[in-house]
>>> print(open('final-v4.csv').read())   # CSV, C-alpha atoms
chain,number,residue,atom,x,y,z
A,51,MET,CA,9.3,-17.8,11.5
A,52,ALA,CA,10.3,-17.0,15.1
A,53,ARG,CA,10.1,-20.7,15.9
A,54,ARG,CA,12.4,-21.6,13.0
A,55,LEU,CA,15.0,-19.1,14.2
A,56,VAL,CA,14.9,-20.6,17.7
A,57,GLU,CA,15.2,-24.1,16.2
A,58,ALA,CA,18.2,-23.0,14.3
A,59,GLY,CA,19.9,-22.0,17.5
A,60,HIS,CA,19.3,-18.2,17.5
A,61,GLU,CA,18.4,-16.4,20.7
A,62,VAL,CA,15.1,-14.7,19.8
A,63,ARG,CA,13.0,-12.1,21.5
A,64,THR,CA,9.6,-11.4,20.0
A,65,TRP,CA,7.6,-8.2,20.3
A,66,ARG,CA,4.4,-6.7,18.9
A,67,ARG,CA,2.7,-3.3,19.3
A,68,GLY,CA,0.5,-3.0,22.3
A,69,SER,CA,2.5,-5.6,24.3
A,70,GLY,CA,3.3,-3.1,27.1
A,71,VAL,CA,7.0,-3.2,26.4
A,72,THR,CA,8.6,-0.3,24.5
A,73,ALA,CA,10.1,-0.9,21.1
A,74,ALA,CA,13.4,0.5,22.3
A,75,ALA,CA,13.5,-2.0,25.2
A,76,ALA,CA,12.6,-4.8,22.8
A,77,VAL,CA,15.6,-4.2,20.5
A,78,ASP,CA,18.1,-3.3,23.2
A,79,GLY,CA,21.3,-5.3,22.7
A,80,ALA,CA,20.1,-7.1,19.5
A,81,ASP,CA,22.5,-7.7,16.6
A,82,LEU,CA,19.6,-8.3,14.2
A,83,VAL,CA,16.2,-6.6,14.3
A,84,ILE,CA,13.5,-8.0,12.0
A,85,THR,CA,10.3,-6.1,11.3
A,86,MET,CA,7.2,-7.6,9.7
A,87,LEU,CA,4.3,-5.3,9.9
A,88,SER,CA,1.2,-4.2,8.0
A,89,ASP,CA,2.1,-1.1,6.1
A,90,PRO,CA,4.7,1.7,5.7
A,91,ALA,CA,3.2,3.8,8.5
A,92,ALA,CA,3.4,0.9,11.0
A,93,VAL,CA,7.0,0.2,10.1
A,94,ARG,CA,8.0,3.8,10.5
A,95,GLU,CA,6.2,4.1,13.8
A,96,VAL,CA,7.9,1.1,15.3
A,97,LEU,CA,11.4,1.9,14.1
A,98,THR,CA,11.1,5.5,15.2
A,99,ALA,CA,10.1,4.3,18.7
A,100,ALA,CA,13.0,1.7,18.5
A,101,LEU,CA,15.7,4.2,17.7
A,102,PRO,CA,17.0,4.7,21.2
A,103,GLY,CA,17.6,1.0,21.6
A,104,LEU,CA,19.4,0.4,18.3
A,105,ARG,CA,23.2,0.2,18.9
A,106,PRO,CA,25.9,0.8,16.3
A,107,GLY,CA,26.5,-2.3,14.2
A,108,THR,CA,22.9,-3.6,14.5
A,109,THR,CA,21.2,-4.6,11.2
A,110,VAL,CA,17.6,-4.0,10.7
A,111,VAL,CA,15.9,-6.4,8.3
A,112,GLU,CA,12.6,-5.0,7.0
A,113,MET,CA,10.4,-7.9,5.9
A,114,SER,CA,7.1,-6.1,5.5
A,115,THR,CA,5.6,-5.3,2.1
A,116,ILE,CA,6.0,-1.6,2.0
A,117,GLY,CA,7.6,-0.7,-1.4
A,118,PRO,CA,11.0,0.8,-2.3
A,119,GLU,CA,10.0,4.4,-1.5
A,120,ALA,CA,9.3,3.5,2.1
A,121,VAL,CA,12.5,1.6,2.4
A,122,ARG,CA,14.5,4.7,1.2
A,123,GLY,CA,12.6,6.7,3.9
A,124,LEU,CA,13.7,4.2,6.5
A,125,ARG,CA,17.3,4.5,5.4
A,126,ALA,CA,17.1,8.3,6.0
A,127,LEU,CA,15.4,7.6,9.4
A,128,LEU,CA,18.0,5.2,10.8
A,129,PRO,CA,21.5,6.2,11.9
A,130,ALA,CA,24.3,5.6,9.4
A,131,GLU,CA,25.9,3.1,11.8
A,132,VAL,CA,22.8,0.9,11.8
A,133,GLY,CA,22.5,-1.4,8.7
A,134,LEU,CA,19.3,-1.8,6.7
A,135,VAL,CA,18.2,-4.7,4.5
A,136,ASP,CA,14.9,-5.0,2.8
A,137,ALA,CA,13.7,-8.6,2.6
A,138,PRO,CA,10.0,-9.2,2.0
A,139,VAL,CA,8.9,-12.8,1.3
A,140,LEU,CA,6.8,-14.7,-1.1
A,141,GLY,CA,4.7,-17.4,0.7
A,142,SER,CA,2.2,-17.6,3.6
A,143,VAL,CA,1.6,-19.6,6.7
A,144,GLY,CA,2.5,-23.0,5.2
A,145,PRO,CA,5.9,-22.1,3.7
A,146,ALA,CA,6.7,-20.0,6.8
A,147,THR,CA,6.2,-23.1,8.9
A,148,SER,CA,8.2,-25.4,6.7
A,149,GLY,CA,11.0,-22.9,5.9
A,150,THR,CA,10.2,-22.8,2.2
A,151,LEU,CA,9.5,-19.0,1.8
A,152,THR,CA,11.2,-17.1,-1.0
A,153,VAL,CA,13.1,-14.2,0.6
A,154,LEU,CA,13.5,-11.2,-1.8
A,155,ALA,CA,16.5,-9.3,-0.5
A,156,GLY,CA,17.9,-5.9,-1.3
A,157,GLY,CA,21.1,-4.4,0.2
A,158,ASP,CA,24.1,-5.9,1.9
A,159,VAL,CA,22.9,-9.2,3.3
A,160,SER,CA,26.4,-10.4,4.4
A,161,GLY,CA,25.5,-9.9,8.1
A,162,CYS,CA,22.2,-11.6,8.0
A,163,ARG,CA,22.3,-14.2,5.2
A,164,ALA,CA,22.5,-17.1,7.6
A,165,ALA,CA,19.4,-15.9,9.5
A,166,LEU,CA,17.4,-15.3,6.4
A,167,SER,CA,18.3,-18.7,4.9
A,168,VAL,CA,16.4,-20.2,7.9
A,169,PHE,CA,13.2,-18.9,6.3
A,170,GLY,CA,13.8,-20.4,2.9
A,171,ARG,CA,15.5,-19.5,-0.4
A,172,VAL,CA,17.2,-16.1,-0.3
A,173,ARG,CA,17.3,-14.3,-3.6
A,174,GLU,CA,19.9,-11.4,-3.5
A,175,LEU,CA,18.5,-8.9,-5.9
A,176,GLY,CA,20.7,-5.9,-5.7
A,177,PRO,CA,21.0,-2.6,-3.8
A,178,LEU,CA,18.7,-1.5,-1.0
A,179,GLY,CA,15.1,-1.3,-2.2
A,180,ALA,CA,15.5,-4.0,-4.8
A,181,GLY,CA,13.7,-6.6,-2.7
A,182,ALA,CA,10.8,-4.3,-1.9
A,183,ALA,CA,10.4,-3.4,-5.6
A,184,MET,CA,10.5,-7.0,-6.7
A,185,LYS,CA,7.8,-7.9,-4.1
A,186,ILE,CA,5.5,-5.2,-5.3
A,187,ALA,CA,6.1,-6.2,-9.0
A,188,VAL,CA,5.3,-9.8,-8.3
A,189,MET,CA,2.1,-9.0,-6.3
A,190,SER,CA,1.0,-6.6,-9.0
A,191,ALA,CA,0.7,-9.7,-11.2
A,192,LEU,CA,-0.5,-12.4,-8.7
A,193,VAL,CA,-3.3,-10.4,-7.0
A,194,PRO,CA,-5.1,-9.1,-10.2
A,195,VAL,CA,-5.1,-12.7,-11.5
A,196,GLN,CA,-7.1,-13.7,-8.4
A,197,VAL,CA,-9.6,-10.9,-9.0
A,198,LEU,CA,-9.8,-11.8,-12.7
A,199,LEU,CA,-10.6,-15.5,-11.8
A,200,ALA,CA,-13.2,-14.3,-9.3
A,201,GLU,CA,-14.9,-12.4,-12.1
A,202,THR,CA,-14.6,-15.4,-14.3
A,203,PHE,CA,-16.4,-17.5,-11.7
A,204,ALA,CA,-19.1,-14.9,-11.5
A,205,TYR,CA,-19.5,-14.9,-15.3
A,206,GLY,CA,-19.7,-18.7,-15.2
A,207,GLY,CA,-22.3,-18.7,-12.5
A,208,ALA,CA,-24.5,-16.2,-14.3
A,209,HIS,CA,-24.4,-18.5,-17.4
A,210,GLY,CA,-25.0,-21.9,-15.7
A,211,VAL,CA,-21.4,-23.0,-15.6
A,212,ASP,CA,-20.6,-25.3,-12.7
A,213,ARG,CA,-17.7,-23.8,-10.7
A,214,ASP,CA,-16.0,-27.2,-10.0
A,215,ALA,CA,-16.1,-28.0,-13.7
A,216,LEU,CA,-14.7,-24.6,-14.6
A,217,VAL,CA,-11.8,-25.1,-12.2
A,218,ASP,CA,-11.2,-28.6,-13.6
A,219,VAL,CA,-10.9,-27.2,-17.1
A,220,LEU,CA,-8.7,-24.3,-16.0
A,221,ALA,CA,-6.4,-26.9,-14.3
A,222,ASP,CA,-5.0,-27.7,-17.7
A,223,THR,CA,-4.0,-24.1,-18.3
A,224,PRO,CA,-1.4,-21.8,-16.7
A,225,LEU,CA,-4.1,-20.5,-14.4
A,226,GLY,CA,-4.7,-23.9,-12.9
A,227,VAL,CA,-3.0,-23.4,-9.5
A,228,ALA,CA,-4.6,-20.0,-8.9
A,229,ALA,CA,-8.0,-21.3,-9.9
A,230,GLU,CA,-7.7,-24.3,-7.5
A,231,ARG,CA,-7.0,-22.0,-4.6
A,232,LEU,CA,-10.1,-20.0,-5.4
A,233,ARG,CA,-12.4,-23.1,-5.8
A,234,ALA,CA,-13.7,-22.4,-2.2
A,235,PRO,CA,-12.8,-19.3,-0.1
A,236,SER,CA,-10.4,-20.1,2.7
A,237,GLU,CA,-11.7,-20.1,6.2
A,238,GLU,CA,-8.2,-19.4,7.4
A,239,THR,CA,-6.7,-15.9,6.7
A,240,ARG,CA,-3.4,-16.7,5.0
A,241,TYR,CA,-3.2,-13.5,3.1
A,242,SER,CA,-5.8,-10.9,4.1
A,243,LEU,CA,-7.9,-9.1,1.5
A,244,ALA,CA,-6.9,-5.8,3.2
A,245,HIS,CA,-3.3,-6.6,2.7
A,246,ALA,CA,-3.9,-7.5,-1.0
A,247,ALA,CA,-5.6,-4.2,-1.5
A,248,LYS,CA,-2.7,-2.4,0.3
A,249,ASP,CA,-0.2,-4.2,-1.9
A,250,LEU,CA,-1.9,-3.1,-5.1
A,251,GLU,CA,-2.2,0.5,-3.7
A,252,LEU,CA,1.6,0.5,-3.3
A,253,ALA,CA,1.9,-0.8,-6.9
A,254,ALA,CA,-0.4,2.0,-8.3
A,255,TRP,CA,1.0,3.8,-11.3
A,256,GLU,CA,-0.6,5.4,-14.4
A,257,GLY,CA,0.5,2.7,-16.8
A,258,ALA,CA,-1.4,-0.1,-15.2
A,259,PRO,CA,-5.2,0.1,-15.9
A,260,MET,CA,-5.7,-3.6,-15.2
A,261,GLY,CA,-4.1,-3.3,-11.8
A,262,ALA,CA,-6.3,-0.3,-11.1
A,263,ALA,CA,-9.4,-2.2,-11.9
A,264,ALA,CA,-8.4,-5.1,-9.6
A,265,ARG,CA,-7.5,-2.6,-6.9
A,266,THR,CA,-10.9,-1.0,-7.1
A,267,ARG,CA,-12.6,-4.4,-6.7
A,268,LEU,CA,-10.5,-5.1,-3.5
A,269,GLN,CA,-11.1,-1.7,-2.1
A,270,GLU,CA,-14.8,-2.2,-2.5
A,271,ALA,CA,-14.6,-5.6,-0.8
A,272,ARG,CA,-12.6,-4.0,2.0
A,273,ALA,CA,-15.2,-1.3,2.5
A,274,ALA,CA,-17.8,-4.0,2.6
A,275,GLY,CA,-16.2,-5.5,5.7
A,276,LEU,CA,-14.1,-8.3,4.2
A,277,GLY,CA,-10.7,-6.8,4.9
A,278,GLU,CA,-9.7,-9.4,7.6
A,279,ARG,CA,-10.9,-12.3,5.5
A,280,ASP,CA,-8.5,-14.3,3.2
A,281,VAL,CA,-8.1,-12.7,-0.2
A,282,THR,CA,-10.1,-15.6,-1.7
A,283,ALA,CA,-13.2,-13.9,-0.2
A,284,ILE,CA,-13.1,-11.7,-3.3
A,285,VAL,CA,-14.9,-14.6,-5.0
A,286,GLU,CA,-18.0,-14.3,-2.9
A,287,HIS,CA,-17.9,-10.5,-3.0
A,288,ILE,CA,-17.9,-10.4,-6.8
A,289,ALA,CA,-20.5,-13.2,-7.0
A,290,GLY,CA,-22.7,-11.1,-4.7
A,291,SER,CA,-22.1,-8.0,-6.7
A,292,ALA,CA,-23.2,-9.8,-9.9
A,293,ALA,CA,-26.4,-11.1,-8.4
A,294,GLY,CA,-29.7,-9.5,-9.4
A,295,PRO,CA,-30.6,-7.3,-12.3
A,296,GLY,CA,-28.3,-4.3,-12.7
A,297,GLY,CA,-25.9,-5.5,-10.0
A,298,PRO,CA,-25.5,-3.8,-6.6
A,299,ALA,CA,-26.2,-0.2,-5.7
A,300,ARG,CA,-23.3,2.2,-5.9
A,301,ARG,CA,-21.5,2.6,-2.6
A,302,ALA,CA,-19.0,5.1,-1.3
A,303,VAL,CA,-15.6,3.5,-1.0
A,304,PRO,CA,-13.1,5.3,1.3
A,305,LEU,CA,-9.4,5.3,0.1
A,306,ASN,CA,-6.5,5.8,2.5
A,307,LEU,CA,-3.3,4.7,0.7
A,308,PRO,CA,-0.2,3.4,2.5
A,309,ALA,CA,1.9,5.3,-0.1
A,310,ILE,CA,0.9,8.7,1.4
A,311,PRO,CA,0.9,10.1,4.9
A,312,ALA,CA,-1.9,8.8,7.1
A,313,THR,CA,-4.8,10.9,8.1
A,314,ASN,CA,-5.7,11.7,11.7
A,315,GLY,CA,-8.5,9.2,11.6
A,316,MET,CA,-11.3,11.8,11.2
A,317,TYR,CA,-11.4,11.7,7.4
A,318,SER,CA,-10.4,9.7,4.4
A,319,HIS,CA,-8.0,11.0,1.8
A,320,ALA,CA,-10.5,10.2,-0.9
A,321,VAL,CA,-13.8,8.5,-1.5
A,322,ARG,CA,-14.9,6.8,-4.7
A,323,ALA,CA,-18.6,6.9,-5.5
A,324,GLY,CA,-19.3,5.1,-8.7
A,325,ASP,CA,-17.1,6.7,-11.3
A,326,THR,CA,-16.5,9.9,-9.4
A,327,LEU,CA,-13.6,10.4,-7.0
A,328,TYR,CA,-13.8,13.1,-4.2
A,329,VAL,CA,-10.4,14.0,-2.9
A,330,SER,CA,-10.2,15.6,0.6
A,331,GLY,CA,-8.3,18.8,1.1
A,332,GLN,CA,-4.6,17.9,0.8
A,333,ALA,CA,-1.9,19.9,2.7
A,334,ALA,CA,1.9,19.6,3.0
A,335,PHE,CA,2.5,17.0,5.7
A,336,ASP,CA,5.1,14.3,5.9
A,337,GLU,CA,4.6,10.8,7.5
A,338,ARG,CA,5.1,12.2,11.0
A,339,GLY,CA,2.6,15.0,10.7
A,340,ASN,CA,5.3,17.7,10.2
A,341,ILE,CA,4.8,20.5,7.7
A,342,VAL,CA,6.8,20.1,4.5
A,343,GLY,CA,8.4,23.2,3.1
A,344,GLU,CA,7.4,25.6,5.9
A,345,GLY,CA,7.4,29.2,4.5
A,346,SER,CA,7.7,28.0,0.9
A,347,MET,CA,4.7,28.0,-1.4
A,348,VAL,CA,6.6,26.2,-4.1
A,349,ALA,CA,7.7,23.4,-1.8
A,350,GLN,CA,4.3,22.9,-0.2
A,351,ALA,CA,2.5,23.0,-3.6
A,352,GLU,CA,4.9,20.4,-5.0
A,353,HIS,CA,4.3,18.1,-2.1
A,354,VAL,CA,0.5,18.5,-2.4
A,355,PHE,CA,0.4,17.7,-6.1
A,356,GLN,CA,2.7,14.7,-5.7
A,357,VAL,CA,0.3,13.3,-3.0
A,358,VAL,CA,-2.7,14.0,-5.3
A,359,ALA,CA,-0.8,12.2,-8.2
A,360,ARG,CA,-0.5,9.1,-6.1
A,361,ILE,CA,-4.2,9.1,-5.2
A,362,LEU,CA,-5.1,9.6,-8.9
A,363,ALA,CA,-2.8,6.8,-10.0
A,364,ASP,CA,-4.3,4.4,-7.4
A,365,GLN,CA,-7.7,4.8,-9.3
A,366,GLY,CA,-6.2,4.6,-12.8
A,367,ALA,CA,-6.6,8.4,-13.3
A,368,THR,CA,-4.4,11.3,-14.2
A,369,PHE,CA,-4.6,15.1,-13.8
A,370,ASP,CA,-6.4,15.1,-17.2
A,371,ASP,CA,-9.4,13.5,-15.4
A,372,VAL,CA,-9.7,16.3,-12.8
A,373,ALA,CA,-13.1,17.9,-13.2
A,374,PHE,CA,-12.9,20.5,-10.5
A,375,ILE,CA,-10.1,21.8,-8.3
A,376,ARG,CA,-10.4,24.1,-5.3
A,377,THR,CA,-7.5,25.9,-3.7
A,378,TYR,CA,-7.3,27.7,-0.3
A,379,LEU,CA,-4.4,30.1,0.1
A,380,THR,CA,-3.6,32.0,3.2
A,381,ASP,CA,-2.1,34.8,1.1
A,382,MET,CA,-3.4,35.5,-2.4
A,383,ASP,CA,0.0,37.1,-3.2
A,384,ASP,CA,1.3,33.5,-3.3
A,385,ARG,CA,-1.0,32.6,-6.2
A,386,VAL,CA,1.8,33.2,-8.9
A,387,ALA,CA,4.2,30.8,-7.2
A,388,TYR,CA,1.3,28.3,-6.7
A,389,GLY,CA,0.2,28.7,-10.3
A,390,GLN,CA,3.7,27.8,-11.6
A,391,VAL,CA,3.7,24.5,-9.7
A,392,ARG,CA,0.1,23.7,-10.7
A,393,ARG,CA,0.8,24.2,-14.4
A,394,LYS,CA,3.5,21.5,-14.2
A,395,TYR,CA,0.8,19.0,-13.2
A,396,ILE,CA,-2.4,20.3,-14.8
A,397,THR,CA,-1.6,20.9,-18.5
A,398,GLY,CA,-3.8,21.6,-21.5
A,399,THR,CA,-7.4,22.8,-21.0
A,400,PRO,CA,-7.8,23.5,-17.3
A,401,PRO,CA,-10.6,22.0,-15.2
A,402,ALA,CA,-13.3,24.0,-13.4
A,403,SER,CA,-11.5,25.8,-10.6
A,404,THR,CA,-12.0,28.0,-7.6
A,405,THR,CA,-9.2,29.8,-5.6
A,406,VAL,CA,-9.9,31.6,-2.4
A,407,GLU,CA,-8.0,33.4,0.3
A,408,VAL,CA,-8.6,32.3,3.9
A,409,SER,CA,-7.4,33.8,7.1
A,410,LYS,CA,-5.8,30.5,8.3
A,411,LEU,CA,-5.8,26.8,7.8
A,412,PHE,CA,-6.0,24.1,10.4
A,413,MET,CA,-2.3,24.2,11.4
A,414,PRO,CA,-0.1,27.2,11.6
A,415,GLY,CA,2.5,27.2,8.9
A,416,LEU,CA,0.3,25.8,6.2
A,417,LEU,CA,0.1,28.0,3.1
A,418,LEU,CA,-2.4,26.1,1.0
A,419,GLU,CA,-4.9,23.3,0.8
A,420,VAL,CA,-6.3,21.7,-2.3
A,421,ASP,CA,-9.4,19.5,-2.9
A,422,LEU,CA,-10.6,17.9,-6.1
A,423,ILE,CA,-13.4,16.1,-7.9
A,424,VAL,CA,-12.3,13.6,-10.5
A,425,ALA,CA,-14.1,11.8,-13.3
A,426,LEU,CA,-12.7,8.2,-13.2
A,427,PRO,CA,-12.3,5.8,-16.1
A,428,SER,CA,-15.6,3.9,-16.2
A,429,ARG,CA,-15.5,0.3,-14.9
>>> encode(input="final-v4.csv", output="structure tokens")
Amino acid sequence: MARRLVEAGHEVRTWRRGSGVTAAAAVDGADLVITMLSDPAAVREVLTAALPGLRPGTTVVEMSTIGPEAVRGLRALLPAEVGLVDAPVLGSVGPATSGTLTVLAGGDVSGCRAALSVFGRVRELGPLGAGAAMKIAVMSALVPVQVLLAETFAYGGAHGVDRDALVDVLADTPLGVAAERLRAPSEETRYSLAHAAKDLELAAWEGAPMGAAARTRLQEARAAGLGERDVTAIVEHIAGSAAGPGGPARRAVPLNLPAIPATNGMYSHAVRAGDTLYVSGQAAFDERGNIVGEGSMVAQAEHVFQVVARILADQGATFDDVAFIRTYLTDMDDRVAYGQVRRKYITGTPPASTTVEVSKLFMPGLLLEVDLIVALPSR
């Protein structure tokens, strides 16, 4: 993509994390700043570091796959005099090289339309966030299809169906193109399995059980060390899982979703073991590690339960599936305010529960922490 911009006559400066040059220095004097990074946390980290170098009138074009909520967060982060367009793409290495990507643009593209057209067809989809939402919607269809076909290949293999013959038959159906791509796993990583899992994690919502099942398959493959492989590696992962009587042993699958603030690297937000989900203690932190709603039990509890809701949705679960909830309060006198928020999320017959008062939590200013055990929908 950078080469195509150069060939089109643009003056281009490239930069990546760890290069030894600061992000602020990299963007200094630029009219157009394009970011294409792995996840919402990476984009926020880079643009926060770049803030001192962004001058009034600069337009930031965010081309990562991070979802509309993260785009709205970036708009709040950037100064008002700096423009923002979200423009993720459909297509991989080949279309990027040939300039045939599909650019899904949200926001005012008048200042960057010419540059974006260098990459391929620009679809202007509406206000800021529309491009990011469209990308997640499209991936929530394309990625589960690949997982479904991998399961189809595994079924065929277990019943003596030749894979090449199966792909040839599928070639006459709407699934033909996807099946052909999965005929043999790609040695080149065009779209990593880890990014596919991340995209479905961003797409998680309660009304998509098929997406949740595909997401779990990808998360398991990522935990098995296939994250940097092309997404087509899901074929061999599922084939291996199906081998032998009874399938593989259960394994613990760590879950750290890009849609919630990152951990400090010393724990995972949740771990799935079979059909049970263990959710680590959740506290009121934002993406930068700052306390949300300092001094307010209601604000902190709302934040905690919203984060928990995203973790549950990622696994196709709701608060109705919570088997056990444990709450740590720094002041038991706050239990009434906490209970009012909790009842908004946990309705009906309550789960098993423990609430205790503690002298302090791991950071001053935190008023509560909540951990849970959840019974997940069976695979």
>>> closest_residue(input="final-v4.csv", among="A:Asp280, A:Glu119, A:Glu238, A:Asp158", to="Ile186 of chain A", atoms="all atoms listed in the file")
A:Glu119
>>> closest_residue(input="final-v4.csv", among="A:Met184, A:Val111, A:Ala204, A:Ile396", to="Ala165 of chain A", atoms="all atoms listed in the file")
A:Val111
>>> residues_around(input="final-v4.csv", residues="Ala302 of chain A", least_positions_apart="2", cutoff="12 Å", atoms="all atoms listed in the file", output="list in words")
Thr266, Gln269, Glu270, Ala271, Arg272, Ala273, Ala274, Ala299, Arg300, Pro304, Leu305, Ser318, Ala320, Val321, Arg322, Ala323, Gly324, Asp325, Thr326, Leu327 and Tyr328 of chain A
>>> residues_around(input="final-v4.csv", residues="segment 389-393 of chain A", least_positions_apart="5", cutoff="9 Å", atoms="all atoms listed in the file", output="list in words")
Val348, Ala349, Ala351, Glu352, Phe355, Asp384 and Gly398 of chain A
>>> residues_near_point(input="final-v4.csv", point="(13.3, -2.8, 2.4)", cutoff="7 Å", atoms="all atoms listed in the file", output="list in words")
Glu112, Met113, Pro118, Val121, Val135, Asp136, Ala137, Gly156, Leu178, Gly179, Gly181 and Ala182 of chain A
>>> write_last_selection(input="final-v4.csv", atoms="C-alpha atoms", output="CSV table (one decimal), keeping the file's coordinate frame")
chain,number,residue,atom,x,y,z
A,112,GLU,CA,12.6,-5.0,7.0
A,113,MET,CA,10.4,-7.9,5.9
A,118,PRO,CA,11.0,0.8,-2.3
A,121,VAL,CA,12.5,1.6,2.4
A,135,VAL,CA,18.2,-4.7,4.5
A,136,ASP,CA,14.9,-5.0,2.8
A,137,ALA,CA,13.7,-8.6,2.6
A,156,GLY,CA,17.9,-5.9,-1.3
A,178,LEU,CA,18.7,-1.5,-1.0
A,179,GLY,CA,15.1,-1.3,-2.2
A,181,GLY,CA,13.7,-6.6,-2.7
A,182,ALA,CA,10.8,-4.3,-1.9
>>> atom_distance(input="final-v4.csv", atom1="atom CA of Arg301 of chain A", atom2="atom CA of Pro194 of chain A")
21.5 Å
>>> closest_residue(input="final-v4.csv", among="A:Ser88, A:Thr405, A:Thr377, A:Thr399", to="Ser242 of chain A", atoms="all atoms listed in the file")
A:Ser88
>>> closest_residue(input="final-v4.csv", among="A:Ser167, A:Thr223, A:Thr147, A:Thr98", to="Ala126 of chain A", atoms="only C-alpha atoms")
A:Thr98
>>> atom_distance(input="final-v4.csv", atom1="atom CA of Leu134 of chain A", atom2="atom CA of Asn340 of chain A")
24.3 Å
>>> atom_distance(input="final-v4.csv", atom1="atom CA of Arg231 of chain A", atom2="atom CA of Leu252 of chain A")
24.1 Å
>>> residues_around(input="final-v4.csv", residues="Arg105 of chain A", least_positions_apart="5", cutoff="9 Å", atoms="all atoms listed in the file", output="list in words")
Val77, Asp78, Gly79, Ala80, Asp81, Glu131 and Val132 of chain A
>>> closest_residue(input="final-v4.csv", among="A:His60, A:Arg67, A:Lys248, A:Lys394", to="Gly117 of chain A", atoms="all atoms listed in the file")
A:Lys248
>>> closest_residue(input="final-v4.csv", among="A:Ser330, A:Leu198, A:Gly149, A:Gly133", to="Leu225 of chain A", atoms="all atoms listed in the file")
A:Leu198
>>> residues_around(input="final-v4.csv", residues="Gly261 of chain A", least_positions_apart="3", cutoff="9 Å", atoms="all atoms listed in the file", output="compact mmCIF listing (two decimals) with C-alpha atoms, in the coordinates of the input")
# COMPACT_ATOMS: atom_id res chain seq x y z
CA SER A 190 1.00 -6.60 -9.00
CA ALA A 191 0.70 -9.70 -11.20
CA VAL A 193 -3.30 -10.40 -7.00
CA PRO A 194 -5.10 -9.10 -10.20
CA LEU A 250 -1.90 -3.10 -5.10
CA ALA A 253 1.90 -0.80 -6.90
CA ALA A 254 -0.40 2.00 -8.30
CA TRP A 255 1.00 3.80 -11.30
CA ALA A 258 -1.40 -0.10 -15.20
CA ALA A 264 -8.40 -5.10 -9.60
CA ARG A 265 -7.50 -2.60 -6.90
CA THR A 266 -10.90 -1.00 -7.10
CA ASP A 364 -4.30 4.40 -7.40
CA GLY A 366 -6.20 4.60 -12.80
>>> residues_around(input="final-v4.csv", residues="Leu101 of chain A", least_positions_apart="4", cutoff="8 Å", atoms="all atoms listed in the file", output="ChimeraX atom specification")
/A:74,97,128
>>> decode(input="final-v4.csv", residues="segment 225-253 of chain A", atoms="C-alpha atoms", output="mmCIF file, in the first residue's frame")
data_model
loop_
_atom_site.group_PDB
_atom_site.id
_atom_site.type_symbol
_atom_site.label_atom_id
_atom_site.label_comp_id
_atom_site.auth_asym_id
_atom_site.auth_seq_id
_atom_site.Cartn_x
_atom_site.Cartn_y
_atom_site.Cartn_z
ATOM 1 C CA LEU A 225 -19.471 -21.840 -1.181
ATOM 2 C CA GLY A 226 -17.147 -22.741 -4.048
ATOM 3 C CA VAL A 227 -14.676 -19.864 -3.770
ATOM 4 C CA ALA A 228 -14.292 -20.228 0.005
ATOM 5 C CA ALA A 229 -13.923 -24.007 -0.254
ATOM 6 C CA GLU A 230 -11.204 -23.677 -2.890
ATOM 7 C CA ARG A 231 -9.201 -21.391 -0.657
ATOM 8 C CA LEU A 232 -9.349 -23.992 2.122
ATOM 9 C CA ARG A 233 -8.397 -26.942 -0.140
ATOM 10 C CA ALA A 234 -4.864 -26.719 1.329
ATOM 11 C CA PRO A 235 -3.780 -24.393 4.185
ATOM 12 C CA SER A 236 -1.766 -21.427 2.919
ATOM 13 C CA GLU A 237 1.948 -21.370 3.739
ATOM 14 C CA GLU A 238 1.851 -17.569 3.447
ATOM 15 C CA THR A 239 0.012 -15.681 6.176
ATOM 16 C CA ARG A 240 -2.336 -13.446 4.217
ATOM 17 C CA TYR A 241 -4.881 -13.072 7.029
ATOM 18 C CA SER A 242 -3.701 -14.462 10.333
ATOM 19 C CA LEU A 243 -5.802 -16.783 12.443
ATOM 20 C CA ALA A 244 -5.212 -14.488 15.417
ATOM 21 C CA HIS A 245 -6.654 -11.540 13.487
ATOM 22 C CA ALA A 246 -9.638 -13.647 12.426
ATOM 23 C CA ALA A 247 -10.301 -14.481 16.073
ATOM 24 C CA LYS A 248 -9.897 -10.816 16.996
ATOM 25 C CA ASP A 249 -12.362 -9.731 14.306
ATOM 26 C CA LEU A 250 -15.006 -12.141 15.604
ATOM 27 C CA GLU A 251 -14.316 -10.987 19.160
ATOM 28 C CA LEU A 252 -15.112 -7.442 18.050
ATOM 29 C CA ALA A 253 -18.298 -8.772 16.418
#
